[in-house]
Amino acid sequence: MERQITIRRYQISHTDFVRFIVIASLTLSSILITAISLAKNAGAIYPQLFYFPILYATYFYPKRGIILSGICGVIFECLVYFSLFPDTLALWSATGQAILFICVALAVAYFTNLIRVSEARYRSIFENSLLGIILFDKNQFTIRLANQQVATMLGYTVEEISRIAFSDLFFSHDLQRRFFEHLGSGENIRSFETCFATKTGEPHWVNLSWSRIDDTVVSCSITDINAEKLARELAADTSTQYRQVTDSSPTGMVITEHTKILFANPAFSTFSGYGPDECTGRDITDSVMDEDKDRFRTFASRWDTPAPASDRAEFRFITKKGEIRRAVLYFTPIIRNNRPAGLVNLVDNTEWEEYRERVEQTKERRREMMRAVAHELRTPLQPVLGYLNLLLQDPQSFGVTDETRQILDRCAKSVDQERQIINQMLELSVLEGEETSLDYSVFSVAGMVNAVIAGGGYALKAEIAIDIPPDLLFEADRQKLSYVIDVLVANGVSYSKPPKKIWITYRGSPSHPFHRLAIQDNGVGITEAQLDAIFKPEGEGGTISSRENLGGPGLSLAIAKKYVQLHGGYISVDSIVNIGSTFTIHIPKKRPDKANHHDT
Amino acid sequence: MIRKIVVIEDDQPILDLMGILLKKLGYEPVLIANGLDALTSVRADPPALILLDIMMSPLSGWEFLERLRTECNLREIPVILFTASPTVTEKMKKLNDPNIGILQKPVTFDELRTAIAQFLK
């Protein structure tokens, strides 16, 4: 704050007051000296004396300086007039001198004003600049001047920062040393990235550019790049992470524009056989096998729609070496550099496909063999079965005694058993080949179950309790479902001990999408370990099928399971050892759309 | 009137057996060992029913059936496919012909009787 002096109601600053005294005394002494020299007729008049107060006043107060020059001119004119009248030449000379006072004052005022304006301009730039500006001594490193921006950036006040050495602003000695090296080079530096320490000691990234003002003072502008730098570091960090992920991923990853490759990771490079640099700029279409190209183009044409969806498809590719490889492409739309692009993940399933094909071939060969074997077994069985039937049909006419008939009867039973096993084997091989279609019809479940019970004569072997709504209808393959019920009831009867009891219960509810038909027995139950095995066609049912006297479920459970699966359903088993087992058939109420998909 | 049944089967033991069984059931069996001869025979004297083996040469059961179905006076003759091949059932279903039945070898006497009775009441 400047000290103030109050005169009457005017407040005048201390500086102004002193200047006023100086100007006034200079003016007065000029007048006095001029007056005395004129009075003594010294001959020498010092009009130049007046320039001291005029220049001084005009420099600090342009307008008042001009007025003062006018006043001085008039006084000078008057003094000369008074002493030298009627010396015309001297009078004209004095008049010229007075006019010169005013001209000089005007000129000084004009130039001073120019300086003022430009100074104000620079001051305003200095103070209001978004850049931080520091003027420092390049030898002492004292800060001559720092603007508010620098102070705010580093958490100081302008006064505080002015007391710090410029060299102490650096965050570390290393950074300080590097700055000095650059400064020492003597050049004006446009961009020098470094880190300052804030008042609290935090690092703060700045960009410096400096130029020398004179031999000692350097003007340095400071741009705050802290936020930008942190963001850049974060981005670099994120980018490094992404790169690590893409580089180490076994999945081929490609960023594309249409089908042109902008970026490909090493896995894609390995897959395609092209080096990372070769990949960039290539068209994916070129790597697709000719046979698949049209399909690929259709697939890729969807990428360029305004709102592409994620998509996947499998294609065959040709590598650089000419090998054929299979891969599944997963397309995901992304935005890259503000433009739509595609991220294509590529999973190489060549080996998997080959393996799958081999497994399929093996399975098919096994089925073929089974069919051929079964066929060859069945044909010679026909005469055996036929002639045995013939003999047993009419034993008397063939002269068969009772004893022989009993033997033949046993033979016939064995042959029939073998026939059934072969038939089941064949049925299963046909089912595994998925060549079976269902004959759907709508029928009464209670009627179907009753027919099965009657047909198998189960009511004689066990107590059968049926709880099925009489009006309940199924849409299913009646014959196949009858077989399933028959197998499960026979199974229940076989594995129960007297008093045998079988419950057949409908457990559906209107809201549930499946019909559930439970067949429960009070039998020996199935252990956890056996549960997985009982539906296996290989007869790995362990202890169950080893109970020979019970006839073993053999292949029939496996066939039953397949039949239910053909309907789009499944069979579940709950069992407690020595309490009983419950087999539940789950059949969808709604017929699957593709129930007859093998008709084509 | 005794009804005539043509048996077409290239396996001689089975052919012989079928002759005996059909006679026992009260029909007149005509036993033929290959499809070409069978066509001639069937054209000359259309039977009440044909028992047809599938895996035969020179003319397979399917080929025989195809030719039979192109001739209008033979089209209506019921045919029972008599086979040991497990895939015949599916193929037969696709033909969707009510005059075609199937018997999986080996058949019992009772099964044979029932199957024939289905067509010849």
# chains A, B, ... in the order shown; residues from 1 in each chain; ligands from 1
>>> interface_residues(of="chain B", to="chain A", cutoff="10 Å", atoms="only C-alpha atoms", output="number ranges by chain")
B: 11-18, 20-21, 24, 83-87, 89-91, 93-94, 104-110, 112
>>> select_by_dssp(residues="chain B", states="strand (DSSP E or B)", output="JSON list (two decimals) with N, CA and C atoms, in the first residue's frame")
[["chain", "number", "residue", "atom", "x", "y", "z"],
["B", 4, "LYS", "N", -52.49, -116.97, -52.20],
["B", 4, "LYS", "CA", -51.11, -117.18, -52.61],
["B", 4, "LYS", "C", -50.21, -116.10, -52.01],
["B", 5, "ILE", "N", -49.08, -116.52, -51.44],
["B", 5, "ILE", "CA", -48.11, -115.56, -50.90],
["B", 5, "ILE", "C", -46.76, -115.82, -51.56],
["B", 6, "VAL", "N", -46.20, -114.76, -52.18],
["B", 6, "VAL", "CA", -44.89, -114.90, -52.79],
["B", 6, "VAL", "C", -43.82, -114.53, -51.77],
["B", 7, "VAL", "N", -42.84, -115.43, -51.59],
["B", 7, "VAL", "CA", -41.72, -115.14, -50.71],
["B", 7, "VAL", "C", -40.48, -114.93, -51.58],
["B", 8, "ILE", "N", -39.88, -113.74, -51.48],
["B", 8, "ILE", "CA", -38.67, -113.46, -52.26],
["B", 8, "ILE", "C", -37.53, -113.35, -51.26],
["B", 28, "GLU", "N", -50.77, -120.57, -49.70],
["B", 28, "GLU", "CA", -50.02, -121.26, -50.74],
["B", 28, "GLU", "C", -48.76, -120.47, -51.03],
["B", 29, "PRO", "N", -47.60, -120.95, -50.54],
["B", 29, "PRO", "CA", -46.38, -120.19, -50.74],
["B", 29, "PRO", "C", -45.79, -120.38, -52.13],
["B", 30, "VAL", "N", -45.29, -119.27, -52.70],
["B", 30, "VAL", "CA", -44.53, -119.34, -53.94],
["B", 30, "VAL", "C", -43.13, -118.86, -53.60],
["B", 31, "LEU", "N", -42.13, -119.74, -53.66],
["B", 31, "LEU", "CA", -40.81, -119.38, -53.18],
["B", 31, "LEU", "C", -39.91, -118.99, -54.35],
["B", 32, "ILE", "N", -39.36, -117.80, -54.32],
["B", 32, "ILE", "CA", -38.52, -117.31, -55.40],
["B", 32, "ILE", "C", -37.23, -116.74, -54.80],
["B", 49, "LEU", "N", -50.19, -111.47, -51.33],
["B", 49, "LEU", "CA", -49.23, -110.75, -50.49],
["B", 49, "LEU", "C", -47.82, -111.13, -50.89],
["B", 50, "ILE", "N", -46.88, -110.23, -50.67],
["B", 50, "ILE", "CA", -45.48, -110.54, -50.97],
["B", 50, "ILE", "C", -44.65, -110.37, -49.71],
["B", 51, "LEU", "N", -43.84, -111.37, -49.39],
["B", 51, "LEU", "CA", -42.86, -111.26, -48.30],
["B", 51, "LEU", "C", -41.52, -110.98, -48.98],
["B", 52, "LEU", "N", -40.93, -109.82, -48.70],
["B", 52, "LEU", "CA", -39.81, -109.36, -49.52],
["B", 52, "LEU", "C", -38.55, -109.13, -48.68],
["B", 53, "ASP", "N", -37.51, -109.85, -49.03],
["B", 53, "ASP", "CA", -36.20, -109.61, -48.41],
["B", 53, "ASP", "C", -35.62, -108.34, -49.03],
["B", 79, "VAL", "N", -47.17, -105.62, -49.28],
["B", 79, "VAL", "CA", -45.81, -106.15, -49.22],
["B", 79, "VAL", "C", -45.33, -106.08, -47.77],
["B", 80, "ILE", "N", -44.78, -107.18, -47.27],
["B", 80, "ILE", "CA", -44.15, -107.15, -45.95],
["B", 80, "ILE", "C", -42.65, -107.23, -46.16],
["B", 81, "LEU", "N", -41.95, -106.18, -45.73],
["B", 81, "LEU", "CA", -40.50, -106.17, -45.85],
["B", 81, "LEU", "C", -39.96, -107.11, -44.78],
["B", 82, "PHE", "N", -39.14, -108.02, -45.20],
["B", 82, "PHE", "CA", -38.67, -109.07, -44.32],
["B", 82, "PHE", "C", -37.15, -108.94, -44.27],
["B", 83, "THR", "N", -36.66, -108.35, -43.19],
["B", 83, "THR", "CA", -35.27, -107.91, -43.23],
["B", 83, "THR", "C", -34.54, -108.09, -41.91],
["B", 100, "ILE", "N", -47.60, -101.41, -46.93],
["B", 100, "ILE", "CA", -46.28, -101.96, -46.66],
["B", 100, "ILE", "C", -46.12, -102.19, -45.16],
["B", 101, "GLY", "N", -45.72, -103.38, -44.80],
["B", 101, "GLY", "CA", -45.46, -103.71, -43.40],
["B", 101, "GLY", "C", -44.02, -104.10, -43.24],
["B", 102, "ILE", "N", -43.63, -104.41, -42.02],
["B", 102, "ILE", "CA", -42.24, -104.80, -41.80],
["B", 102, "ILE", "C", -42.16, -105.93, -40.78],
["B", 103, "LEU", "N", -41.25, -106.83, -41.02],
["B", 103, "LEU", "CA", -40.95, -107.91, -40.07],
["B", 103, "LEU", "C", -39.44, -107.95, -39.92],
["B", 104, "GLN", "N", -38.98, -107.84, -38.67],
["B", 104, "GLN", "CA", -37.54, -107.88, -38.44],
["B", 104, "GLN", "C", -37.13, -109.33, -38.20]]
>>> residues_around(residues="segment 77-84 of chain A", least_positions_apart="5", cutoff="12 Å", atoms="only C-alpha atoms", output="PyMOL selection string")
chain A and resi 30-47+69-72+89-101
>>> write_last_selection(atoms="C-alpha atoms", output="PDB file, in the first residue's frame")
ATOM      1  CA  SER A  30      13.751  28.294 -13.437  1.00  0.00           C
ATOM      2  CA  ILE A  31      11.533  31.385 -13.276  1.00  0.00           C
ATOM      3  CA  LEU A  32      13.753  33.040 -10.688  1.00  0.00           C
ATOM      4  CA  ILE A  33      17.020  32.331 -12.529  1.00  0.00           C
ATOM      5  CA  THR A  34      15.522  33.562 -15.792  1.00  0.00           C
ATOM      6  CA  ALA A  35      14.105  36.681 -14.119  1.00  0.00           C
ATOM      7  CA  ILE A  36      17.373  37.495 -12.352  1.00  0.00           C
ATOM      8  CA  SER A  37      19.483  36.971 -15.430  1.00  0.00           C
ATOM      9  CA  LEU A  38      17.106  39.169 -17.430  1.00  0.00           C
ATOM     10  CA  ALA A  39      17.077  41.821 -14.720  1.00  0.00           C
ATOM     11  CA  LYS A  40      20.832  41.907 -14.519  1.00  0.00           C
ATOM     12  CA  ASN A  41      20.892  41.920 -18.275  1.00  0.00           C
ATOM     13  CA  ALA A  42      23.405  39.167 -18.154  1.00  0.00           C
ATOM     14  CA  GLY A  43      22.729  38.511 -21.735  1.00  0.00           C
ATOM     15  CA  ALA A  44      22.466  34.822 -21.247  1.00  0.00           C
ATOM     16  CA  ILE A  45      18.951  33.569 -20.832  1.00  0.00           C
ATOM     17  CA  TYR A  46      18.470  29.954 -19.852  1.00  0.00           C
ATOM     18  CA  PRO A  47      15.161  28.933 -21.308  1.00  0.00           C
ATOM     19  CA  SER A  69       4.588  23.810 -20.274  1.00  0.00           C
ATOM     20  CA  GLY A  70       1.941  26.336 -21.365  1.00  0.00           C
ATOM     21  CA  ILE A  71       2.194  28.195 -18.064  1.00  0.00           C
ATOM     22  CA  CYS A  72       6.015  28.130 -18.240  1.00  0.00           C
ATOM     23  CA  LEU A  89      14.119  39.887 -32.486  1.00  0.00           C
ATOM     24  CA  ALA A  90      14.462  38.852 -28.824  1.00  0.00           C
ATOM     25  CA  LEU A  91      10.681  38.823 -28.498  1.00  0.00           C
ATOM     26  CA  TRP A  92      10.217  36.593 -31.487  1.00  0.00           C
ATOM     27  CA  SER A  93      12.964  34.309 -30.220  1.00  0.00           C
ATOM     28  CA  ALA A  94      11.267  34.080 -26.789  1.00  0.00           C
ATOM     29  CA  THR A  95       7.924  33.333 -28.424  1.00  0.00           C
ATOM     30  CA  GLY A  96       9.546  30.535 -30.418  1.00  0.00           C
ATOM     31  CA  GLN A  97      11.125  29.250 -27.234  1.00  0.00           C
ATOM     32  CA  ALA A  98       7.729  29.196 -25.455  1.00  0.00           C
ATOM     33  CA  ILE A  99       6.127  27.341 -28.349  1.00  0.00           C
ATOM     34  CA  LEU A 100       9.001  24.863 -28.255  1.00  0.00           C
ATOM     35  CA  PHE A 101       8.182  24.217 -24.550  1.00  0.00           C
TER      36      PHE A 101
END
>>> atom_distance(atom1="atom CA of Pro592 of chain A", atom2="atom CA of Phe474 of chain A")
13.2 Å
>>> select_by_dssp(residues="segment 23-112 of chain B", states="alpha helix (DSSP H)", output="ChimeraX atom specification")
/B:23-24,35-44,61-70,88-95,109-112
>>> closest_residue(among="B:Thr40, B:Thr114, B:Ser60, B:Thr70", to="Asp10 of chain B", atoms="only C-alpha atoms")
B:Ser60
>>> residues_around(residues="Phe443 of chain A", least_positions_apart="6", cutoff="8 Å", atoms="only C-alpha atoms", output="tab-separated table (two decimals) with N, CA and C atoms, in the first residue's frame")
chain	number	residue	atom	x	y	z
A	473	LEU	N	-53.82	-85.96	-21.44
A	473	LEU	CA	-53.35	-86.38	-22.77
A	473	LEU	C	-51.88	-85.99	-22.96
A	474	PHE	N	-51.14	-86.85	-23.65
A	474	PHE	CA	-49.76	-86.57	-24.03
A	474	PHE	C	-49.71	-86.44	-25.54
A	475	GLU	N	-48.84	-85.56	-26.01
A	475	GLU	CA	-48.53	-85.61	-27.43
A	475	GLU	C	-47.11	-86.17	-27.53
A	476	ALA	N	-47.02	-87.41	-28.00
A	476	ALA	CA	-45.72	-88.08	-28.01
A	476	ALA	C	-45.81	-89.30	-28.94
A	478	ARG	N	-46.39	-92.80	-29.03
A	478	ARG	CA	-47.01	-93.69	-28.07
A	478	ARG	C	-46.23	-94.98	-27.91
